[in-house]
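Colleague: mmCIF, C-alpha atoms, saved as target-v9.cif, coming up:
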```cif
data_work
#
loop_
_atom_site.label_atom_id
_atom_site.label_comp_id
_atom_site.auth_asym_id
_atom_site.auth_seq_id
_atom_site.Cartn_x
_atom_site.Cartn_y
_atom_site.Cartn_z
CA MET A 16 -10.02 252.32 -35.32
CA ASN A 17 -9.08 250.45 -32.18
CA ASP A 18 -8.20 246.79 -31.90
CA PHE A 19 -11.10 244.38 -31.45
CA VAL A 20 -10.67 241.95 -28.56
CA ALA A 21 -13.30 239.41 -27.49
CA GLY A 22 -12.54 236.10 -25.81
CA ASP A 23 -9.82 234.28 -27.71
CA LEU A 24 -10.04 236.53 -30.76
CA THR A 25 -8.20 239.74 -31.58
CA LEU A 26 -8.45 241.89 -34.69
CA ALA A 27 -5.34 244.04 -34.61
CA VAL A 28 -5.35 247.35 -36.46
CA ASN A 29 -2.19 248.38 -38.28
CA ALA A 30 -2.20 252.06 -37.35
CA ALA A 31 0.77 252.74 -39.63
CA ARG A 32 -1.31 252.10 -42.74
CA ARG A 33 -2.79 255.22 -44.29
CA ASP A 34 -3.78 253.60 -47.57
CA ALA A 35 -6.05 250.92 -46.04
CA ILE A 36 -7.77 249.74 -42.90
CA GLU A 37 -5.67 246.66 -42.17
CA LEU A 38 -7.17 244.21 -39.67
CA THR A 39 -5.10 241.17 -38.70
CA TRP A 40 -6.99 238.24 -37.19
CA LEU A 41 -5.18 236.63 -34.27
CA GLY A 42 -6.05 233.76 -31.96
CA ARG A 43 -9.22 231.72 -32.25
CA SER A 44 -12.71 232.75 -33.36
CA ASN A 45 -14.86 230.32 -31.40
CA ASP A 46 -17.71 232.41 -30.02
CA ARG A 47 -21.24 231.02 -30.08
CA ASN A 48 -22.60 234.21 -31.68
CA PRO A 49 -19.74 235.94 -33.44
CA ASP A 50 -22.16 238.14 -35.39
CA LYS A 51 -23.16 240.00 -32.24
CA LEU A 52 -19.54 240.80 -31.51
CA LEU A 53 -18.18 241.47 -34.96
CA THR A 54 -21.02 243.21 -36.78
CA PRO A 55 -20.86 246.49 -34.79
CA TYR A 56 -17.08 246.58 -35.23
CA TRP A 57 -17.30 245.97 -38.94
CA ASP A 58 -19.99 248.61 -39.30
CA ALA A 59 -17.53 251.08 -37.81
CA ALA A 60 -14.82 249.85 -40.20
CA LEU A 61 -17.11 250.37 -43.19
CA VAL A 62 -17.96 253.91 -42.07
CA GLU A 63 -14.29 254.79 -41.60
CA ALA A 64 -13.35 253.21 -44.94
CA ALA A 65 -15.96 255.36 -46.66
CA GLU A 66 -14.76 258.52 -44.92
CA ARG A 67 -11.09 257.87 -45.71
CA ARG A 68 -11.83 256.37 -49.13
CA VAL A 69 -9.57 253.39 -48.49
CA PRO A 70 -10.06 249.64 -48.80
CA ILE A 71 -10.46 247.25 -45.88
CA GLU A 72 -7.94 244.43 -45.67
CA LEU A 73 -8.64 241.33 -43.58
CA HIS A 74 -5.50 239.28 -42.87
CA PHE A 75 -6.24 235.73 -41.71
CA GLN A 76 -2.77 234.21 -42.10
CA LYS A 77 -2.04 234.11 -38.36
CA LEU A 78 -5.49 232.97 -37.25
CA GLN A 79 -5.43 229.57 -35.55
CA HIS A 80 -9.05 228.53 -36.01
CA PHE A 81 -12.53 229.80 -36.82
CA ASN A 82 -15.84 228.05 -36.46
CA SER A 83 -18.53 227.84 -39.12
CA SER A 84 -20.50 230.64 -37.43
CA THR A 85 -17.53 232.93 -38.03
CA ILE A 86 -17.40 231.97 -41.71
CA THR A 87 -21.09 232.84 -41.93
CA VAL A 88 -20.37 236.30 -40.49
CA ILE A 89 -17.49 236.82 -42.92
CA ILE A 90 -19.77 235.95 -45.85
CA GLN A 91 -22.32 238.45 -44.63
CA PHE A 92 -19.62 241.08 -44.24
CA ILE A 93 -18.51 240.49 -47.82
CA GLN A 94 -22.09 241.09 -48.91
CA GLU A 95 -22.51 244.19 -46.78
CA ALA A 96 -19.21 245.68 -47.96
CA ARG A 97 -20.29 245.16 -51.56
CA ARG A 98 -23.69 246.70 -50.86
CA ARG A 99 -21.98 249.82 -49.52
CA GLY A 100 -19.48 249.96 -52.36
CA ALA A 101 -16.49 249.30 -50.09
CA HIS A 102 -13.34 247.65 -51.38
CA LEU A 103 -12.55 244.51 -49.38
CA VAL A 104 -9.41 242.40 -49.71
CA VAL A 105 -9.01 239.10 -47.85
CA PHE A 106 -5.55 237.57 -47.34
CA TYR A 107 -5.02 233.94 -46.32
CA ASP A 108 -2.23 231.38 -46.07
CA GLN A 109 -2.64 228.76 -48.77
CA ALA A 110 0.02 226.60 -47.12
CA LEU A 111 -2.48 225.92 -44.34
CA LYS A 112 -4.92 223.40 -45.78
CA TRP A 113 -7.84 224.53 -43.62
CA GLN A 114 -7.39 228.12 -44.78
CA LYS A 115 -6.99 227.09 -48.40
CA LEU A 116 -10.21 225.06 -48.32
CA SER A 117 -12.23 227.75 -46.56
CA PHE A 118 -11.06 230.74 -48.56
CA ASP A 119 -10.66 229.19 -52.00
CA ALA A 120 -14.38 228.44 -51.84
CA MET A 121 -15.07 232.14 -51.26
CA ARG A 122 -14.06 232.78 -54.85
CA VAL A 123 -17.77 232.40 -55.60
CA PHE A 124 -18.03 235.98 -54.27
CA VAL A 125 -15.31 237.43 -56.52
CA LYS A 126 -17.29 239.24 -59.20
CA ASP A 127 -15.47 242.53 -59.62
CA GLU A 128 -12.78 244.71 -58.03
CA LEU A 129 -14.83 245.35 -54.89
CA PHE A 130 -13.91 241.98 -53.40
CA GLN A 131 -10.54 240.33 -53.82
CA LEU A 132 -8.99 237.16 -52.36
CA ARG A 133 -5.21 236.94 -52.11
CA SER A 134 -3.38 233.81 -51.07
CA VAL A 135 0.12 234.32 -49.69
CA MET B 19 2.84 194.50 -30.62
CA GLN B 20 -0.67 195.93 -30.22
CA PRO B 21 -2.51 196.80 -33.45
CA PHE B 22 -2.48 200.54 -34.27
CA GLN B 23 -5.83 201.66 -33.00
CA PHE B 24 -7.17 204.28 -30.62
CA SER B 25 -10.29 205.30 -28.73
CA ILE B 26 -11.51 208.35 -26.83
CA ASP B 27 -14.82 208.16 -24.95
CA LEU B 28 -15.89 211.09 -22.79
CA PRO B 29 -19.05 212.37 -21.14
CA VAL B 30 -18.80 216.15 -21.48
CA LEU B 31 -20.74 218.92 -19.77
CA ASN B 32 -22.78 221.03 -22.18
CA HIS B 33 -20.86 224.27 -21.50
CA TRP B 34 -19.96 226.32 -24.55
CA ARG B 35 -16.38 226.76 -23.40
CA ASN B 36 -15.97 222.98 -23.65
CA VAL B 37 -16.28 223.20 -27.43
CA ASP B 38 -12.89 224.81 -27.84
CA LEU B 39 -11.37 222.86 -24.96
CA LEU B 40 -12.27 219.62 -26.75
CA LEU B 41 -11.25 220.91 -30.16
CA THR B 42 -7.77 221.90 -29.00
CA SER B 43 -7.39 218.75 -26.88
CA VAL B 44 -8.29 216.49 -29.80
CA GLN B 45 -6.00 218.47 -32.08
CA ASN B 46 -3.07 218.10 -29.70
CA CYS B 47 -3.76 214.41 -29.06
CA PHE B 48 -3.77 213.54 -32.72
CA ILE B 49 -0.74 215.65 -33.55
CA ALA B 50 1.01 213.46 -30.97
CA VAL B 51 -0.22 210.34 -32.79
CA PHE B 52 0.06 211.28 -36.47
CA SER B 53 2.56 213.32 -38.43
CA ASP B 54 -0.18 214.69 -40.73
CA VAL B 55 -0.93 218.07 -39.16
CA ASP B 56 -3.54 218.95 -41.80
CA GLY B 57 -5.37 215.71 -41.07
CA CYS B 58 -5.28 216.43 -37.34
CA ASN B 59 -6.67 219.90 -37.93
CA ALA B 60 -9.51 218.36 -39.94
CA ILE B 61 -10.31 215.85 -37.16
CA ALA B 62 -10.33 218.69 -34.64
CA MET B 63 -12.51 220.90 -36.84
CA VAL B 64 -15.10 218.14 -37.38
CA THR B 65 -15.10 217.40 -33.65
CA GLY B 66 -15.63 221.08 -32.89
CA GLU B 67 -18.52 221.48 -35.33
CA LEU B 68 -20.35 218.36 -34.10
CA VAL B 69 -19.83 219.34 -30.47
CA GLU B 70 -21.09 222.87 -31.19
CA ASN B 71 -24.28 221.39 -32.62
CA ALA B 72 -24.73 219.16 -29.56
CA VAL B 73 -24.41 222.12 -27.20
CA LYS B 74 -26.63 224.35 -29.33
CA TYR B 75 -29.41 221.93 -30.19
CA GLY B 76 -29.38 219.28 -27.46
CA TYR B 77 -32.27 218.96 -25.03
CA TRP B 78 -30.85 220.40 -21.83
CA ASN B 79 -33.97 220.84 -19.71
CA GLY B 80 -33.69 217.32 -18.27
CA ASP B 81 -31.40 216.04 -15.55
CA ASP B 82 -28.65 214.99 -17.92
CA LYS B 83 -26.39 217.91 -18.84
CA HIS B 84 -23.80 215.80 -20.64
CA PHE B 85 -23.23 214.81 -24.20
CA ARG B 86 -20.91 212.00 -25.20
CA LEU B 87 -17.91 212.29 -27.49
CA ARG B 88 -16.38 209.15 -28.93
CA ILE B 89 -13.47 209.10 -31.33
CA ASN B 90 -12.02 205.83 -32.47
CA GLY B 91 -10.08 204.53 -35.37
CA ARG B 92 -6.98 202.97 -36.73
CA ARG B 93 -4.30 203.90 -39.19
CA GLY B 94 -5.87 205.98 -41.94
CA SER B 95 -9.41 206.19 -40.63
CA VAL B 96 -11.22 207.94 -37.80
CA THR B 97 -14.84 207.84 -36.66
CA ILE B 98 -16.15 210.74 -34.59
CA GLN B 99 -19.46 210.32 -32.77
CA VAL B 100 -21.31 212.92 -30.74
CA GLU B 101 -24.42 211.83 -28.86
CA ASN B 102 -26.72 214.22 -27.01
CA PRO B 103 -30.19 214.13 -25.47
CA VAL B 104 -32.94 215.44 -27.75
CA ASP B 105 -36.62 216.14 -27.61
CA PRO B 106 -37.92 213.80 -30.34
CA ARG B 107 -40.48 216.48 -31.29
CA ASP B 108 -37.74 219.04 -31.90
CA PRO B 109 -37.94 220.15 -35.56
CA GLN B 110 -34.17 220.60 -35.47
CA ILE B 111 -33.84 216.83 -35.92
CA HIS B 112 -35.66 217.03 -39.23
CA THR B 113 -33.55 220.03 -40.23
CA LEU B 114 -30.41 218.01 -39.58
CA GLU B 115 -31.69 215.04 -41.59
CA ALA B 116 -32.72 217.40 -44.40
CA THR B 117 -29.25 218.95 -44.43
CA LEU B 118 -27.62 215.53 -44.74
CA ARG B 119 -29.94 214.67 -47.64
CA TRP B 120 -29.21 218.08 -49.19
CA ILE B 121 -25.45 217.40 -49.08
CA ALA B 122 -25.94 213.95 -50.59
CA GLY B 123 -27.84 215.49 -53.48
CA PHE B 124 -24.71 217.18 -54.85
CA PRO B 125 -22.16 215.45 -57.06
CA ASN B 126 -19.43 216.32 -54.54
CA THR B 127 -19.07 218.10 -51.22
CA GLU B 128 -17.18 221.06 -52.66
CA THR B 129 -20.17 221.91 -54.83
CA ALA B 130 -22.45 221.61 -51.80
CA TYR B 131 -20.15 223.85 -49.77
CA ARG B 132 -20.12 226.58 -52.39
CA ALA B 133 -23.89 226.34 -52.79
CA LYS B 134 -24.34 226.72 -49.03
CA MET B 135 -22.08 229.79 -49.03
CA LEU B 136 -24.23 231.39 -51.73
CA GLU B 137 -27.37 230.48 -49.78
CA ILE B 138 -26.00 232.16 -46.64
CA ALA B 139 -25.13 235.24 -48.67
CA SER B 140 -28.61 235.51 -50.13
CA GLN B 141 -30.58 234.61 -46.99
CA PRO B 142 -28.84 236.16 -43.96
CA GLY B 143 -30.14 235.12 -40.57
CA ILE B 144 -31.35 231.64 -41.46
CA SER B 145 -30.18 228.59 -39.53
CA SER B 146 -27.97 227.19 -42.20
CA GLY B 147 -26.52 223.78 -41.30
CA PHE B 148 -23.25 225.20 -42.54
CA GLY B 149 -21.25 223.37 -39.84
CA LEU B 150 -22.33 219.99 -41.24
CA VAL B 151 -21.54 221.01 -44.80
CA ARG B 152 -18.14 222.16 -43.59
CA CYS B 153 -17.54 218.77 -41.95
CA ALA B 154 -18.41 217.05 -45.21
CA TYR B 155 -16.22 219.27 -47.40
CA GLU B 156 -13.29 220.54 -45.35
CA GLY B 157 -13.25 217.43 -43.19
CA SER B 158 -13.81 215.04 -46.11
CA SER B 159 -16.15 213.17 -43.81
CA ILE B 160 -19.15 210.97 -44.49
CA LEU B 161 -21.94 211.99 -42.14
CA ARG B 162 -24.94 210.18 -40.79
CA ALA B 163 -27.38 210.72 -37.93
CA GLU B 164 -29.53 208.34 -35.93
CA ILE B 165 -31.99 208.54 -33.07
CA ILE B 166 -31.03 206.32 -30.14
CA GLU B 167 -33.74 204.92 -27.84
CA GLY B 168 -36.11 207.69 -28.87
CA ASN B 169 -34.45 210.46 -26.89
CA ALA B 170 -30.87 210.81 -28.00
CA LEU B 171 -29.29 211.95 -31.26
CA ARG B 172 -26.05 210.46 -32.47
CA VAL B 173 -24.20 212.17 -35.30
CA VAL B 174 -21.37 210.21 -36.84
CA ALA B 175 -18.56 211.46 -39.07
CA GLU B 176 -16.33 208.93 -40.77
CA MET B 177 -13.04 210.26 -42.06
CA THR B 178 -10.21 208.69 -43.99
CA PHE B 179 -6.83 210.27 -44.56
#
```
Could the structure of this file be written out as structure tokens, please?

Modeller:
Amino acid sequence: MNDFVAGDLTLAVNAARRDAIELTWLGRSNDRNPDKLLTPYWDAALVEAAERRVPIELHFQKLQHFNSSTITVIIQFIQEARRRGAHLVVFYDQALKWQKLSFDAMRVFVKDELFQLRSV
Amino acid sequence: MQPFQFSIDLPVLNHWRNVDLLLTSVQNCFIAVFSDVDGCNAIAMVTGELVENAVKYGYWNGDDKHFRLRINGRRGSVTIQVENPVDPRDPQIHTLEATLRWIAGFPNTETAYRAKMLEIASQPGISSGFGLVRCAYEGSSILRAEIIEGNALRVVAEMTF
């Protein structure tokens, strides 16, 4: 996969990882319609994860800000990943209060091993 | 010595790029005022969500292309107001009022936030009001909305920290 770059947001791929698709969120996710930008990229990530039989890791620790529309897209991605049987792991920085509040609440989606939340 | 109080009052063009410009400006201003970075992030987030709603749902077919952002407060409390022109027949106004009532119907804002997340997961594509629920929970703000002179909507978030 290639990096995703749109406006103030970058999702950087760690090409060194063979055991996972590691996407690090950088910058600010402030687009009016983030679903239109992110959904095609995440579709490609889900296809590649299925082909390589590896989990997808989303690393938010370095992200500066996301708007509520972005959270909505992340929730829908969690659902889509589960629907396709993909393993998804979300990492966040619990020392940042805004990240702790946003991601702790996503524990409502932790039902089995397919979706995991890890605070660092 | 002047009492510790502050006020920001700006007419802002309804351009989407102004959402993040205001959010980062407010964040930087308040970091310069307070030492509580988490509190400043919360003020900025609430400002951003309310401004997003003004740009998205304001009535912009008239001559006035501005909304108004006011932030004022004193030590330990901040009030954020965003006022934009509206078409009083716009059903979005009722949706906003319904969302505020929906939030108030929960024992606490965290429960409302989690319920809204589950709703988004089960009903993709709906207009969710998630930004307001986020203001209430993550921003620990008390929200209200009022129609001004029949053609403007003012949304107010009161925060204490």

Colleague: Care to translate the PyMOL selection byres ((chain A and resi 131) around 7) into actual residues of this file, as a list of chain:residue names?

Modeller: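 Taken on the displayed file, the PyMOL selection byres ((chain A and resi 131) around 7) yields the residues A:Leu103, A:Val104, A:Val105, A:Val125, A:Glu128, A:Leu129, A:Phe130, A:Leu132, A:Arg133.
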
Colleague: For Ala163 in chain B, which of B:Glu176, B:Asp56, B:Glu128, B:Asp81 is the closest residue, counting only C-alpha atoms?

Modeller: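 Smallest separation from Ala163 in chain B among the options: B:Glu176.
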
Colleague: Could you tell me how far CA of Ser95 in chain B sits from CA of Asp38 in chain B, in Å to one decimal place?

Modeller: 22.9 Å

Colleague: Hey, list the chain A side of the contact with chain B: 7 Å cut-off, only C-alpha atoms, answer as a list in words.

Modeller: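 So the contacting residues turn out to be Asn45, Ser83, Thr87, Ile90, Gln91, Gln94, Lys112, Trp113, Leu116 and Ala120 of chain A.
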
Colleague: Please report the interatomic distance between CA of Asp54 in chain B and CA of Val123 in chain A in Å with one decimal.

Modeller: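 Rounded to one decimal, the two atoms are 29.1 Å apart.
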
Colleague: Kindly assemble as a tab-separated table a list of the range 51-159 of chain B residues that lie within 10 Å of range 21-27 of chain B, each paired with its nearest atom pair and their distance in Å to one decimal, using all atoms listed in the file, sorted first by chain and then by ascending residue number.

Modeller:
```
residue	atom	partner	partner_atom	distance
B:Val51	CA	B:Phe24	CA	9.5
B:Arg86	CA	B:Asp27	CA	7.2
B:Leu87	CA	B:Asp27	CA	5.7
B:Arg88	CA	B:Asp27	CA	4.4
B:Ile89	CA	B:Ile26	CA	5.0
B:Asn90	CA	B:Ser25	CA	4.2
B:Gly91	CA	B:Phe24	CA	5.6
B:Arg92	CA	B:Gln23	CA	4.1
B:Arg93	CA	B:Phe22	CA	6.2
B:Gly94	CA	B:Gln23	CA	9.9
B:Ser95	CA	B:Gln23	CA	9.6
B:Val96	CA	B:Phe24	CA	9.0
B:Thr97	CA	B:Ser25	CA	9.5
B:Ile98	CA	B:Ile26	CA	9.4
B:Gln99	CA	B:Asp27	CA	9.3
B:Val100	CA	B:Asp27	CA	9.9
```

Colleague: Please, what distance in Å, to one decimal, runs between CA of Arg162 in chain B and CA of Pro103 in chain B?

Modeller: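 That distance, rounded to one decimal, is 16.7 Å.
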
Colleague: Tell me which protein, DNA and RNA residues are within 12 Å of Arg32 in chain A, counting all atoms listed in the file, leaving out same-chain ones fewer than 2 positions away, and put them as a list in words.

Modeller: Met16, Val28, Asn29, Ala30, Asp34, Ala35, Ile36, Glu37, Leu38, Arg67, Val69, Pro70, Ile71 and Glu72 of chain A

Colleague: Which residues, written as a list in words, have at least one atom at most 10 Å from range 54-58 of chain A, with only C-alpha atoms counted and residues fewer than 6 positions away on the same chain left out?

Modeller: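 With the cut-off at 10 Å, the set is Met16, Asn17, Asp18, Phe19, Leu26, Ala64, Ile71, Val88, Ile89, Gln91, Phe92, Glu95 and Ala96 of chain A.
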
Colleague: Name the closest residue to Phe124 in chain A among the candidates A:Arg97, A:His80, A:Arg43, A:His74; distances are taken between atoms, counting all atoms listed in the file.

Modeller: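 Among the listed residues, A:Arg97 lies closest to Phe124 in chain A.
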
Colleague: Produce the centre coordinates and the three edge lengths, each in Å to one decimal, of the box along x, y and z that contains all listed atoms of range 60-77 of chain B with 6 Å added on each side, as lines of an AutoDock Vina configuration file.

Modeller:
```
center_x = -20.9
center_y = 220.1
center_z = -32.5
size_x = 34.8
size_y = 20.5
size_z = 26.9
```

Colleague: Show which residues sit within 12 Å of Asp82 in chain B, as an mmCIF file with C-alpha atoms, in the coordinates of the input. Count only C-alpha atoms, and ignore same-chain residues fewer than 5 positions away.

Modeller:
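Done, and the output landed in result.cif:
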```cif
data_model
loop_
_atom_site.group_PDB
_atom_site.id
_atom_site.type_symbol
_atom_site.label_atom_id
_atom_site.label_comp_id
_atom_site.auth_asym_id
_atom_site.auth_seq_id
_atom_site.Cartn_x
_atom_site.Cartn_y
_atom_site.Cartn_z
ATOM 1 C CA PRO B 29 -19.050 212.370 -21.140
ATOM 2 C CA VAL B 30 -18.800 216.150 -21.480
ATOM 3 C CA LEU B 31 -20.740 218.920 -19.770
ATOM 4 C CA ASN B 32 -22.780 221.030 -22.180
ATOM 5 C CA GLY B 76 -29.380 219.280 -27.460
ATOM 6 C CA TYR B 77 -32.270 218.960 -25.030
ATOM 7 C CA ASN B 102 -26.720 214.220 -27.010
ATOM 8 C CA PRO B 103 -30.190 214.130 -25.470
ATOM 9 C CA VAL B 104 -32.940 215.440 -27.750
ATOM 10 C CA ASN B 169 -34.450 210.460 -26.890
ATOM 11 C CA ALA B 170 -30.870 210.810 -28.000
#
```
